[in-house]
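Dropping protein04.txt in here (compact mmCIF, C-alpha atoms):
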# COMPACT_ATOMS: atom_id res chain seq x y z
CA MET A 1 101.76 133.42 -33.49
CA SER A 2 99.28 133.96 -30.70
CA GLU A 3 98.73 136.17 -27.73
CA ARG A 4 99.95 135.17 -24.26
CA PRO A 5 99.27 136.98 -21.00
CA THR A 6 102.23 138.71 -19.31
CA PRO A 7 102.82 138.54 -15.56
CA GLU A 8 101.10 141.89 -15.36
CA GLY A 9 98.03 140.46 -17.07
CA LYS A 10 98.57 142.17 -20.41
CA PRO A 11 98.51 140.01 -23.54
CA ARG A 12 101.65 139.85 -25.60
CA LYS A 13 102.54 138.15 -28.83
CA GLY A 14 105.04 135.35 -29.15
CA PRO A 15 105.58 131.80 -30.33
CA ILE A 16 104.02 128.91 -28.48
CA LEU A 17 106.06 125.76 -27.83
CA PHE A 18 104.20 122.47 -28.20
CA GLU A 19 105.98 119.68 -26.36
CA LEU A 20 105.73 116.20 -27.88
CA GLY A 21 105.70 113.14 -25.68
CA ASP A 22 108.11 110.26 -25.96
CA GLU A 23 105.58 108.28 -27.93
CA ALA A 24 106.16 110.48 -30.98
CA GLY A 25 109.69 109.15 -31.25
CA PRO A 26 112.68 110.74 -33.00
CA GLY A 27 112.15 111.78 -36.55
CA ALA A 28 108.35 111.75 -36.34
CA ARG A 29 106.61 113.49 -39.22
CA PRO A 30 103.14 115.07 -39.44
CA ASP A 31 102.05 112.74 -42.25
CA GLU A 32 102.70 109.76 -39.98
CA ALA A 33 100.38 110.98 -37.27
CA PRO A 34 97.26 108.84 -36.66
CA ALA A 35 93.97 110.06 -38.04
CA VAL A 36 91.94 112.30 -35.77
CA PRO A 37 88.88 110.34 -34.61
CA ASP A 38 85.55 111.78 -35.63
CA PRO A 39 82.95 110.78 -33.01
CA GLU A 40 80.13 112.12 -35.16
CA ALA A 41 80.95 109.91 -38.17
CA PRO A 42 79.56 106.41 -37.59
CA LEU A 43 81.43 103.36 -38.81
CA PRO A 44 80.16 101.78 -42.03
CA GLU A 45 77.55 99.15 -41.31
CA GLY A 46 76.93 97.52 -44.69
CA ARG A 47 73.33 98.69 -44.86
CA ALA A 48 72.85 97.37 -48.39
CA MET A 49 73.69 93.79 -47.40
CA GLN A 50 71.66 94.01 -44.19
CA THR A 51 68.68 95.22 -46.23
CA VAL A 52 69.15 92.37 -48.72
CA ALA A 53 69.35 89.79 -45.93
CA THR A 54 66.25 91.15 -44.22
CA LEU A 55 64.23 91.22 -47.45
CA ALA A 56 65.33 87.73 -48.54
CA ALA A 57 64.73 86.18 -45.12
CA ARG A 58 61.34 87.79 -44.55
CA LYS A 59 58.63 85.16 -44.60
CA PRO A 60 55.42 86.30 -46.34
CA SER A 61 52.28 86.30 -44.27
CA ARG A 62 49.54 83.74 -44.83
CA LEU A 63 47.23 86.49 -46.09
CA GLY A 64 49.90 87.62 -48.55
CA ARG A 65 50.40 84.08 -49.85
CA TRP A 66 46.63 83.71 -50.37
CA PHE A 67 46.53 87.08 -52.16
CA TRP A 68 49.33 86.32 -54.60
CA GLY A 69 48.12 82.75 -55.14
CA LEU A 70 44.57 83.81 -55.97
CA LEU A 71 45.82 86.70 -58.11
CA GLY A 72 48.06 84.38 -60.12
CA THR A 73 45.26 81.84 -60.57
CA LEU A 74 42.79 84.52 -61.65
CA LEU A 75 45.23 86.04 -64.16
CA GLY A 76 46.02 82.58 -65.51
CA VAL A 77 42.33 81.80 -66.07
CA ILE A 78 41.70 85.17 -67.72
CA LEU A 79 44.69 84.83 -70.05
CA SER A 80 43.79 81.24 -70.93
CA VAL A 81 40.18 82.09 -71.80
CA ALA A 82 41.26 85.17 -73.77
CA ALA A 83 43.82 83.15 -75.72
CA TRP A 84 41.27 80.40 -76.44
CA ASP A 85 38.67 82.88 -77.68
CA PHE A 86 41.28 84.66 -79.79
CA VAL A 87 42.51 81.46 -81.45
CA THR A 88 39.02 80.02 -82.13
CA SER A 89 37.74 83.29 -83.59
CA LEU A 90 40.88 83.59 -85.72
CA LEU A 91 40.38 80.05 -87.03
CA ASP A 92 36.83 80.92 -88.07
CA ARG A 93 37.82 84.12 -89.85
CA MET A 94 41.28 83.21 -91.25
CA PRO A 95 42.00 79.47 -90.96
CA LEU A 96 45.62 79.60 -92.14
CA LEU A 97 46.59 82.42 -89.79
CA GLY A 98 44.63 80.75 -86.98
CA MET A 99 46.57 77.52 -87.48
CA ALA A 100 49.86 79.43 -87.38
CA VAL A 101 48.89 81.16 -84.13
CA THR A 102 47.76 77.82 -82.72
CA GLY A 103 51.18 76.37 -83.48
CA LEU A 104 52.87 79.30 -81.73
CA LEU A 105 50.63 78.83 -78.70
CA VAL A 106 51.41 75.12 -78.55
CA ALA A 107 55.13 75.85 -78.80
CA PHE A 108 54.80 78.38 -75.98
CA LEU A 109 53.03 75.83 -73.78
CA VAL A 110 55.75 73.27 -74.52
CA VAL A 111 58.41 75.77 -73.42
CA LEU A 112 56.45 76.49 -70.23
CA LEU A 113 56.22 72.76 -69.53
CA ALA A 114 59.97 72.37 -70.06
CA ILE A 115 60.66 75.24 -67.64
CA ALA A 116 58.35 73.68 -65.05
CA LEU A 117 60.07 70.29 -65.41
CA ARG A 118 63.48 71.92 -65.04
CA GLU A 119 62.35 73.68 -61.87
CA LEU A 120 61.03 70.40 -60.47
CA ALA A 121 64.32 68.69 -61.35
CA GLY A 122 66.20 71.50 -59.61
CA PHE A 123 64.12 71.09 -56.44
CA ALA A 124 64.66 67.32 -56.55
CA ARG A 125 68.44 67.74 -56.94
CA LEU A 126 68.55 70.18 -53.99
CA ARG A 127 66.64 67.69 -51.85
CA ARG A 128 69.09 64.99 -52.92
CA MET A 129 72.00 67.14 -51.79
CA ASP A 130 70.27 67.84 -48.47
CA ARG A 131 69.71 64.12 -47.85
CA LEU A 132 73.32 63.35 -48.71
CA HIS A 133 74.57 66.03 -46.32
CA HIS A 134 72.31 64.71 -43.56
CA MET A 135 73.47 61.12 -44.19
CA ALA A 136 77.12 62.19 -43.92
CA GLU A 137 76.53 64.05 -40.66
CA THR A 138 74.67 61.05 -39.20
CA ALA A 139 77.44 58.65 -40.26
CA LEU A 140 80.06 60.87 -38.61
CA VAL A 141 78.11 61.15 -35.37
CA ASP A 142 77.28 57.41 -35.19
CA GLN A 143 80.66 56.31 -36.59
CA ASP A 144 78.74 54.06 -39.01
CA LEU A 145 81.12 52.70 -41.63
CA GLY A 146 78.30 51.19 -43.70
CA ALA A 147 76.46 54.49 -43.90
CA ALA A 148 79.70 56.25 -44.78
CA ARG A 149 80.27 53.86 -47.66
CA GLN A 150 76.74 54.54 -48.91
CA VAL A 151 77.50 58.26 -48.84
CA VAL A 152 80.69 57.74 -50.84
CA THR A 153 78.85 55.56 -53.37
CA ARG A 154 76.17 58.24 -53.84
CA LEU A 155 78.83 60.93 -54.15
CA ASP A 156 80.55 58.94 -56.89
CA ALA A 157 77.24 58.58 -58.73
CA LEU A 158 76.48 62.27 -58.27
CA TYR A 159 79.76 63.33 -59.90
CA ALA A 160 79.99 60.51 -62.44
CA ALA A 161 79.43 62.90 -65.34
CA ARG A 162 81.89 65.54 -64.08
CA GLU A 163 85.01 65.40 -66.23
CA ASP A 164 86.86 67.77 -63.89
CA LEU A 165 86.51 65.24 -61.06
CA ARG A 166 87.48 62.13 -63.02
CA TRP A 167 90.98 61.98 -61.56
CA SER A 168 89.73 62.68 -58.03
CA ARG A 169 87.09 59.96 -58.31
CA ALA A 170 89.73 57.49 -59.51
CA ARG A 171 91.98 58.26 -56.53
CA LEU A 172 89.05 57.88 -54.15
CA SER A 173 88.11 54.55 -55.70
CA GLU A 174 91.67 53.26 -55.30
CA ARG A 175 92.08 54.29 -51.65
CA GLN A 176 88.62 53.87 -50.12
CA GLY A 177 89.11 50.11 -49.62
CA ASP A 178 91.91 50.82 -47.14
CA GLN A 179 89.65 52.88 -44.85
CA PHE A 180 87.96 51.05 -41.99
CA ASP A 181 86.65 54.05 -40.07
CA ALA A 182 83.68 56.25 -41.02
CA ALA A 183 85.50 59.51 -40.22
CA ASP A 184 88.59 58.46 -42.21
CA LEU A 185 86.52 57.35 -45.21
CA LEU A 186 84.45 60.54 -45.31
CA GLY A 187 87.60 62.58 -44.69
CA LEU A 188 89.22 60.93 -47.71
CA ALA A 189 86.14 61.64 -49.84
CA GLU A 190 86.15 65.23 -48.66
CA ALA A 191 89.84 65.72 -49.42
CA GLU A 192 89.60 64.15 -52.89
CA LEU A 193 86.23 65.42 -54.13
CA MET A 194 85.46 68.57 -52.15
CA ALA A 195 88.88 70.29 -52.32
CA PRO A 196 88.65 71.30 -56.02
CA LEU A 197 84.99 72.22 -55.64
CA ASP A 198 85.77 74.36 -52.58
CA ALA A 199 88.38 76.23 -54.61
CA ALA A 200 85.83 76.98 -57.33
CA ALA A 201 83.28 78.10 -54.74
CA ARG A 202 85.84 80.43 -53.12
CA ALA A 203 86.50 82.01 -56.51
CA GLU A 204 82.78 82.70 -56.92
CA ILE A 205 82.63 84.28 -53.45
CA GLU A 206 85.61 86.51 -54.11
CA ALA A 207 84.16 87.68 -57.44
CA ALA A 208 80.79 88.50 -55.86
CA ALA A 209 82.40 90.33 -52.93
CA ARG A 210 84.53 92.38 -55.32
CA GLN A 211 81.51 93.27 -57.46
CA VAL A 212 79.34 94.34 -54.51
CA ALA A 213 82.15 96.40 -52.98
CA THR A 214 82.91 98.15 -56.28
CA VAL A 215 79.31 99.03 -57.08
CA THR A 216 78.70 100.30 -53.55
CA ALA A 217 81.80 102.47 -53.70
CA ILE A 218 81.46 104.08 -57.13
CA VAL A 219 77.70 104.20 -57.84
CA PRO A 220 76.04 107.05 -55.92
CA LEU A 221 72.48 106.26 -57.03
CA ALA A 222 69.96 105.49 -54.31
CA LEU A 223 69.13 101.78 -53.91
CA ALA A 224 71.70 100.88 -56.58
CA ASP A 225 73.88 99.18 -53.97
CA VAL A 226 70.87 97.20 -52.67
CA VAL A 227 69.93 96.00 -56.17
CA ALA A 228 73.55 95.14 -56.97
CA ALA A 229 73.97 93.27 -53.69
CA LEU A 230 70.73 91.32 -54.16
CA THR A 231 71.48 90.24 -57.74
CA ALA A 232 75.13 89.45 -57.00
CA ASN A 233 74.26 87.34 -53.96
CA ILE A 234 71.50 85.38 -55.73
CA ARG A 235 73.84 84.71 -58.66
CA MET A 236 76.66 83.73 -56.28
CA ILE A 237 74.47 81.30 -54.33
CA ARG A 238 73.17 79.75 -57.55
CA ARG A 239 76.69 79.27 -58.93
CA ILE A 240 77.91 77.78 -55.66
CA ALA A 241 75.04 75.30 -55.82
CA GLU A 242 76.03 74.45 -59.40
CA VAL A 243 79.67 73.97 -58.34
CA TYR A 244 78.62 71.29 -55.85
CA GLY A 245 76.11 69.72 -58.24
CA GLY A 246 72.89 71.42 -57.13
CA ARG A 247 71.92 73.14 -60.40
CA ALA A 248 69.02 75.04 -58.88
CA GLY A 249 66.48 76.64 -61.19
CA THR A 250 65.05 80.13 -60.78
CA LEU A 251 62.60 79.21 -58.03
CA GLY A 252 65.12 76.85 -56.48
CA SER A 253 67.73 79.61 -56.38
CA TRP A 254 65.32 81.93 -54.60
CA ARG A 255 64.41 79.21 -52.13
CA LEU A 256 68.08 78.50 -51.51
CA THR A 257 68.78 82.21 -51.06
CA ARG A 258 65.99 82.48 -48.52
CA ALA A 259 67.35 79.50 -46.60
CA VAL A 260 70.86 81.01 -46.47
CA MET A 261 69.65 84.48 -45.50
CA THR A 262 67.28 83.10 -42.86
CA HIS A 263 70.19 81.24 -41.29
CA LEU A 264 72.36 84.35 -41.29
CA VAL A 265 69.65 86.56 -39.79
CA ALA A 266 68.82 83.97 -37.13
CA THR A 267 72.46 83.64 -36.06
CA GLY A 268 73.16 87.39 -36.23
CA ALA A 269 75.90 86.90 -38.83
CA VAL A 270 74.71 89.83 -40.96
CA ALA A 271 76.07 92.29 -38.38
CA ILE A 272 79.75 92.95 -39.02
CA GLY A 273 82.07 93.24 -36.06
CA ASP A 274 85.00 95.50 -35.34
CA ASP A 275 87.43 92.59 -35.62
CA LEU A 276 86.39 91.89 -39.20
CA ILE A 277 86.48 95.59 -40.09
CA SER A 278 90.04 95.96 -38.79
CA SER A 279 91.27 92.82 -40.51
CA VAL A 280 89.66 93.75 -43.83
CA ALA A 281 90.69 97.40 -43.70
CA GLY A 282 94.31 96.63 -42.93
CA GLY A 283 94.51 98.47 -39.61
CA GLY A 284 93.11 101.92 -40.25
CA VAL A 285 92.58 102.13 -43.98
CA LEU A 286 88.90 102.91 -43.47
CA SER A 287 89.85 106.12 -41.69
CA LYS A 288 91.64 107.29 -44.84
CA LEU A 289 88.73 106.49 -47.15
CA SER A 290 85.38 108.10 -47.68
CA ARG A 291 82.34 106.60 -46.04
CA ARG A 292 81.19 105.30 -49.43
CA PHE A 293 84.36 103.26 -49.82
CA GLY A 294 84.01 102.02 -46.25
CA GLU A 295 80.47 100.84 -46.99
CA GLY A 296 81.81 99.04 -50.05
CA VAL A 297 84.37 97.14 -47.99
CA VAL A 298 81.80 96.14 -45.37
CA ASN A 299 79.22 95.08 -47.98
CA GLY A 300 81.91 92.97 -49.63
CA ALA A 301 82.71 91.35 -46.28
CA LEU A 302 79.05 90.54 -45.63
CA THR A 303 78.77 89.09 -49.14
CA ALA A 304 81.67 86.80 -48.29
CA ARG A 305 79.81 85.69 -45.16
CA VAL A 306 76.78 84.84 -47.28
CA GLY A 307 79.02 82.88 -49.63
CA VAL A 308 80.53 80.81 -46.81
CA ALA A 309 77.04 80.06 -45.49
CA ALA A 310 76.00 79.02 -49.02
CA MET A 311 78.97 76.64 -49.15
CA GLU A 312 77.82 75.03 -45.92
CA VAL A 313 74.26 74.67 -47.23
CA CYS A 314 75.14 73.41 -50.73
CA ARG A 315 78.10 71.19 -49.84
CA PRO A 316 77.14 67.49 -49.85
CA LEU A 317 79.70 66.80 -47.10
CA PRO A 318 80.11 68.83 -43.89
CA PHE A 319 83.44 70.49 -43.15
CA ALA A 320 85.46 67.95 -41.19
CA ARG A 321 88.97 67.27 -42.51
CA LEU A 322 89.08 70.46 -44.57
CA LYS A 323 88.78 73.81 -42.83
CA ARG A 324 85.90 76.14 -43.53
CA PRO A 325 87.08 79.19 -45.53
CA SER A 326 87.90 82.26 -43.50
CA VAL A 327 85.72 85.27 -44.28
CA THR A 328 88.62 87.62 -43.56
CA GLY A 329 90.91 85.73 -45.91
CA LEU A 330 88.30 85.70 -48.68
CA VAL A 331 87.72 89.45 -48.40
CA LYS A 332 91.43 90.25 -48.31
CA ARG A 333 92.03 88.27 -51.49
CA ALA A 334 88.98 89.78 -53.16
CA LEU A 335 89.63 93.41 -52.24
CA THR A 336 93.44 93.59 -52.20
CA GLY A 337 94.42 96.58 -54.32
CA LEU A 338 90.80 97.60 -54.91
CA PHE A 339 90.57 100.03 -51.99
CA GLY A 340 94.18 100.07 -50.99
CA GLY A 341 93.81 97.11 -48.67
CA SER A 342 96.79 94.95 -47.79
Could you quickly redo this structure as structure tokens?
Amino acid sequence: MSERPTPEGKPRKGPILFELGDEAGPGARPDEAPAVPDPEAPLPEGRAMQTVATLAARKPSRLGRWFWGLLGTLLGVILSVAAWDFVTSLLDRMPLLGMAVTGLLVAFLVVLLAIALRELAGFARLRRMDRLHHMAETALVDQDLGAARQVVTRLDALYAAREDLRWSRARLSERQGDQFDAADLLGLAEAELMAPLDAAARAEIEAAARQVATVTAIVPLALADVVAALTANIRMIRRIAEVYGGRAGTLGSWRLTRAVMTHLVATGAVAIGDDLISSVAGGGVLSKLSRRFGEGVVNGALTARVGVAAMEVCRPLPFARLKRPSVTGLVKRALTGLFGGS
């Protein structure tokens, strides 16, 4: 009930008739009406993932590298001298205990040496994958059948110890003699060897996107979403590298993460667009969710973008015969049912 003015100018009470347009349609119900737009509420932007990408891609200054290098060297010298003085004095005072501590110190140094060798092996394996990827791209551009056969031979040697690729390698060995074109030969190698590895990499991407989206949505602590996104993305990139045979160590994983994030920042791929939001949200689901859930969906989508970029970096063959995974498809499979997405 509300007041309406009479012809004489006096207000009077009575019902007001609201006329609905034809677009409402017969049988329209209030619960089917579209959500009222809120111009003051900004769309989710995935700030956690954008922060992670900016931090990972930031190149330290030359002064900063000198600072941390000199600090690490100074601390190493101080600790080494202190340990030497401690062990020698302990040998003078208590020889048996000093010998035991000396043995522990030697064992510790052996473990450090093993870690250093593993990191060097990880860097060497990553460089090997980079060279193989570059050789395959050059063979495709130049249509060089000899270079393509070298790539296939190196791929077979790279995956010789992989039991899960034994059948694929056998099929490739049987059929590669019938290929007399570089693109066909590399396409056959991609279809036989990369298809199962791509499936494993997609599973890692979907798991990471689901984890980042869930933590962002349900954990209200400040910076928790940034920490979760950073750790999940580093672990995802490392596992994708392992899927393709990279096996990066700790330093190699960080270097690989920086390379992926630098590429994404340079190409502007860390900014999510309205088309991806609508496809992920299922046509208006974000309007029915809280902003926290919307941020979770967007952070999951950006994590999927990082995962696809990591596949391109870690894959020994470029995408040619097989299609690059769709970010929208990855996010839909990862988040279906999690936030009510379809």
Atom CA of A:Met129 to atom CA of A:Leu158, distance in Å rounded to a single decimal: 9.3 Å
A:Ser326 environment, 12 Å, all atoms listed in the file, sequence neighbours closer than 3 positions dropped, as a list in words: Arg202, Ile205, Glu206, Leu276, Ser279, Val280, Ala301, Ala304, Arg305, Gly307, Val308, Ala309, Met311, Leu322, Lys323, Gly329, Leu330, Val331, Lys332 and Arg333 of chain A
Could you write out the selected residues, including C-alpha atoms, as a PDB file, in the frame of the given file?
ATOM      1  CA  ARG A 202      85.840  80.430 -53.120  1.00  0.00           C
ATOM      2  CA  ILE A 205      82.630  84.280 -53.450  1.00  0.00           C
ATOM      3  CA  GLU A 206      85.610  86.510 -54.110  1.00  0.00           C
ATOM      4  CA  LEU A 276      86.390  91.890 -39.200  1.00  0.00           C
ATOM      5  CA  SER A 279      91.270  92.820 -40.510  1.00  0.00           C
ATOM      6  CA  VAL A 280      89.660  93.750 -43.830  1.00  0.00           C
ATOM      7  CA  ALA A 301      82.710  91.350 -46.280  1.00  0.00           C
ATOM      8  CA  ALA A 304      81.670  86.800 -48.290  1.00  0.00           C
ATOM      9  CA  ARG A 305      79.810  85.690 -45.160  1.00  0.00           C
ATOM     10  CA  GLY A 307      79.020  82.880 -49.630  1.00  0.00           C
ATOM     11  CA  VAL A 308      80.530  80.810 -46.810  1.00  0.00           C
ATOM     12  CA  ALA A 309      77.040  80.060 -45.490  1.00  0.00           C
ATOM     13  CA  MET A 311      78.970  76.640 -49.150  1.00  0.00           C
ATOM     14  CA  LEU A 322      89.080  70.460 -44.570  1.00  0.00           C
ATOM     15  CA  LYS A 323      88.780  73.810 -42.830  1.00  0.00           C
ATOM     16  CA  GLY A 329      90.910  85.730 -45.910  1.00  0.00           C
ATOM     17  CA  LEU A 330      88.300  85.700 -48.680  1.00  0.00           C
ATOM     18  CA  VAL A 331      87.720  89.450 -48.400  1.00  0.00           C
ATOM     19  CA  LYS A 332      91.430  90.250 -48.310  1.00  0.00           C
ATOM     20  CA  ARG A 333      92.030  88.270 -51.490  1.00  0.00           C
TER      21      ARG A 333
END
Take atom CA of A:Leu109 and atom CA of A:Ser253 and report the distance between them in Å, one decimal. 23.1 Å
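Shortest separation to A:Ala170 among A:Asp92, A:Glu192, A:Val152, A:Val260 occurs at residue A:Glu192, atoms counted being only C-alpha atoms.
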Counting only C-alpha atoms, the option among A:Gln176, A:Arg162, A:Glu295, A:Val313 closest to A:Met261: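 With only C-alpha atoms as the atom set, the closest residue is A:Val313.
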Kindly write N, CA, C and O atoms of stretch 78-98 of chain A from the structure just given to a file, as a tab-separated table (two decimals), in the first residue's frame.
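See decode-v2.tsv below for the written result:
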chain	number	residue	atom	x	y	z
A	78	ILE	N	81.96	-17.73	8.38
A	78	ILE	CA	81.84	-17.69	9.85
A	78	ILE	C	81.47	-19.06	10.40
A	78	ILE	O	82.06	-19.55	11.39
A	79	LEU	N	80.47	-19.71	9.78
A	79	LEU	CA	80.05	-21.03	10.26
A	79	LEU	C	81.15	-22.06	10.08
A	79	LEU	O	81.34	-22.93	10.94
A	80	SER	N	81.88	-21.98	8.98
A	80	SER	CA	82.96	-22.95	8.76
A	80	SER	C	84.07	-22.81	9.78
A	80	SER	O	84.55	-23.80	10.36
A	81	VAL	N	84.48	-21.57	10.05
A	81	VAL	CA	85.54	-21.34	11.03
A	81	VAL	C	85.08	-21.75	12.43
A	81	VAL	O	85.83	-22.37	13.20
A	82	ALA	N	83.82	-21.41	12.75
A	82	ALA	CA	83.30	-21.78	14.08
A	82	ALA	C	83.24	-23.29	14.23
A	82	ALA	O	83.59	-23.84	15.30
A	83	ALA	N	82.80	-23.99	13.18
A	83	ALA	CA	82.73	-25.45	13.26
A	83	ALA	C	84.13	-26.07	13.37
A	83	ALA	O	84.34	-27.02	14.13
A	84	TRP	N	85.09	-25.50	12.63
A	84	TRP	CA	86.47	-26.02	12.72
A	84	TRP	C	87.05	-25.82	14.11
A	84	TRP	O	87.65	-26.75	14.68
A	85	ASP	N	86.88	-24.64	14.66
A	85	ASP	CA	87.39	-24.38	16.01
A	85	ASP	C	86.72	-25.28	17.04
A	85	ASP	O	87.37	-25.78	17.96
A	86	PHE	N	85.40	-25.48	16.86
A	86	PHE	CA	84.67	-26.32	17.82
A	86	PHE	C	85.18	-27.75	17.77
A	86	PHE	O	85.42	-28.39	18.81
A	87	VAL	N	85.37	-28.30	16.57
A	87	VAL	CA	85.79	-29.69	16.44
A	87	VAL	C	87.22	-29.88	16.94
A	87	VAL	O	87.53	-30.85	17.65
A	88	THR	N	88.14	-28.98	16.59
A	88	THR	CA	89.54	-29.12	17.03
A	88	THR	C	89.66	-28.99	18.54
A	88	THR	O	90.42	-29.75	19.17
A	89	SER	N	88.94	-28.05	19.12
A	89	SER	CA	88.99	-27.91	20.59
A	89	SER	C	88.38	-29.12	21.27
A	89	SER	O	88.85	-29.58	22.33
A	90	LEU	N	87.32	-29.68	20.67
A	90	LEU	CA	86.68	-30.86	21.25
A	90	LEU	C	87.60	-32.08	21.15
A	90	LEU	O	87.64	-32.92	22.06
A	91	LEU	N	88.37	-32.18	20.07
A	91	LEU	CA	89.33	-33.28	19.94
A	91	LEU	C	90.43	-33.18	20.99
A	91	LEU	O	90.91	-34.21	21.50
A	92	ASP	N	90.84	-31.97	21.33
A	92	ASP	CA	91.88	-31.80	22.34
A	92	ASP	C	91.36	-32.16	23.72
A	92	ASP	O	92.08	-32.78	24.52
A	93	ARG	N	90.13	-31.76	24.01
A	93	ARG	CA	89.61	-32.00	25.36
A	93	ARG	C	89.04	-33.41	25.52
A	93	ARG	O	89.28	-34.08	26.51
A	94	MET	N	88.22	-33.86	24.55
A	94	MET	CA	87.58	-35.19	24.63
A	94	MET	C	87.72	-35.85	23.26
A	94	MET	O	86.88	-35.63	22.37
A	95	PRO	N	88.79	-36.61	23.06
A	95	PRO	CA	89.06	-37.17	21.72
A	95	PRO	C	87.93	-38.02	21.16
A	95	PRO	O	87.59	-37.92	19.99
A	96	LEU	N	87.33	-38.89	21.99
A	96	LEU	CA	86.28	-39.77	21.48
A	96	LEU	C	85.07	-38.97	21.00
A	96	LEU	O	84.52	-39.21	19.92
A	97	LEU	N	84.63	-38.04	21.85
A	97	LEU	CA	83.49	-37.21	21.46
A	97	LEU	C	83.84	-36.34	20.25
A	97	LEU	O	83.01	-36.13	19.36
A	98	GLY	N	85.08	-35.85	20.20
A	98	GLY	CA	85.49	-35.04	19.05
A	98	GLY	C	85.47	-35.85	17.76
A	98	GLY	O	85.07	-35.34	16.70
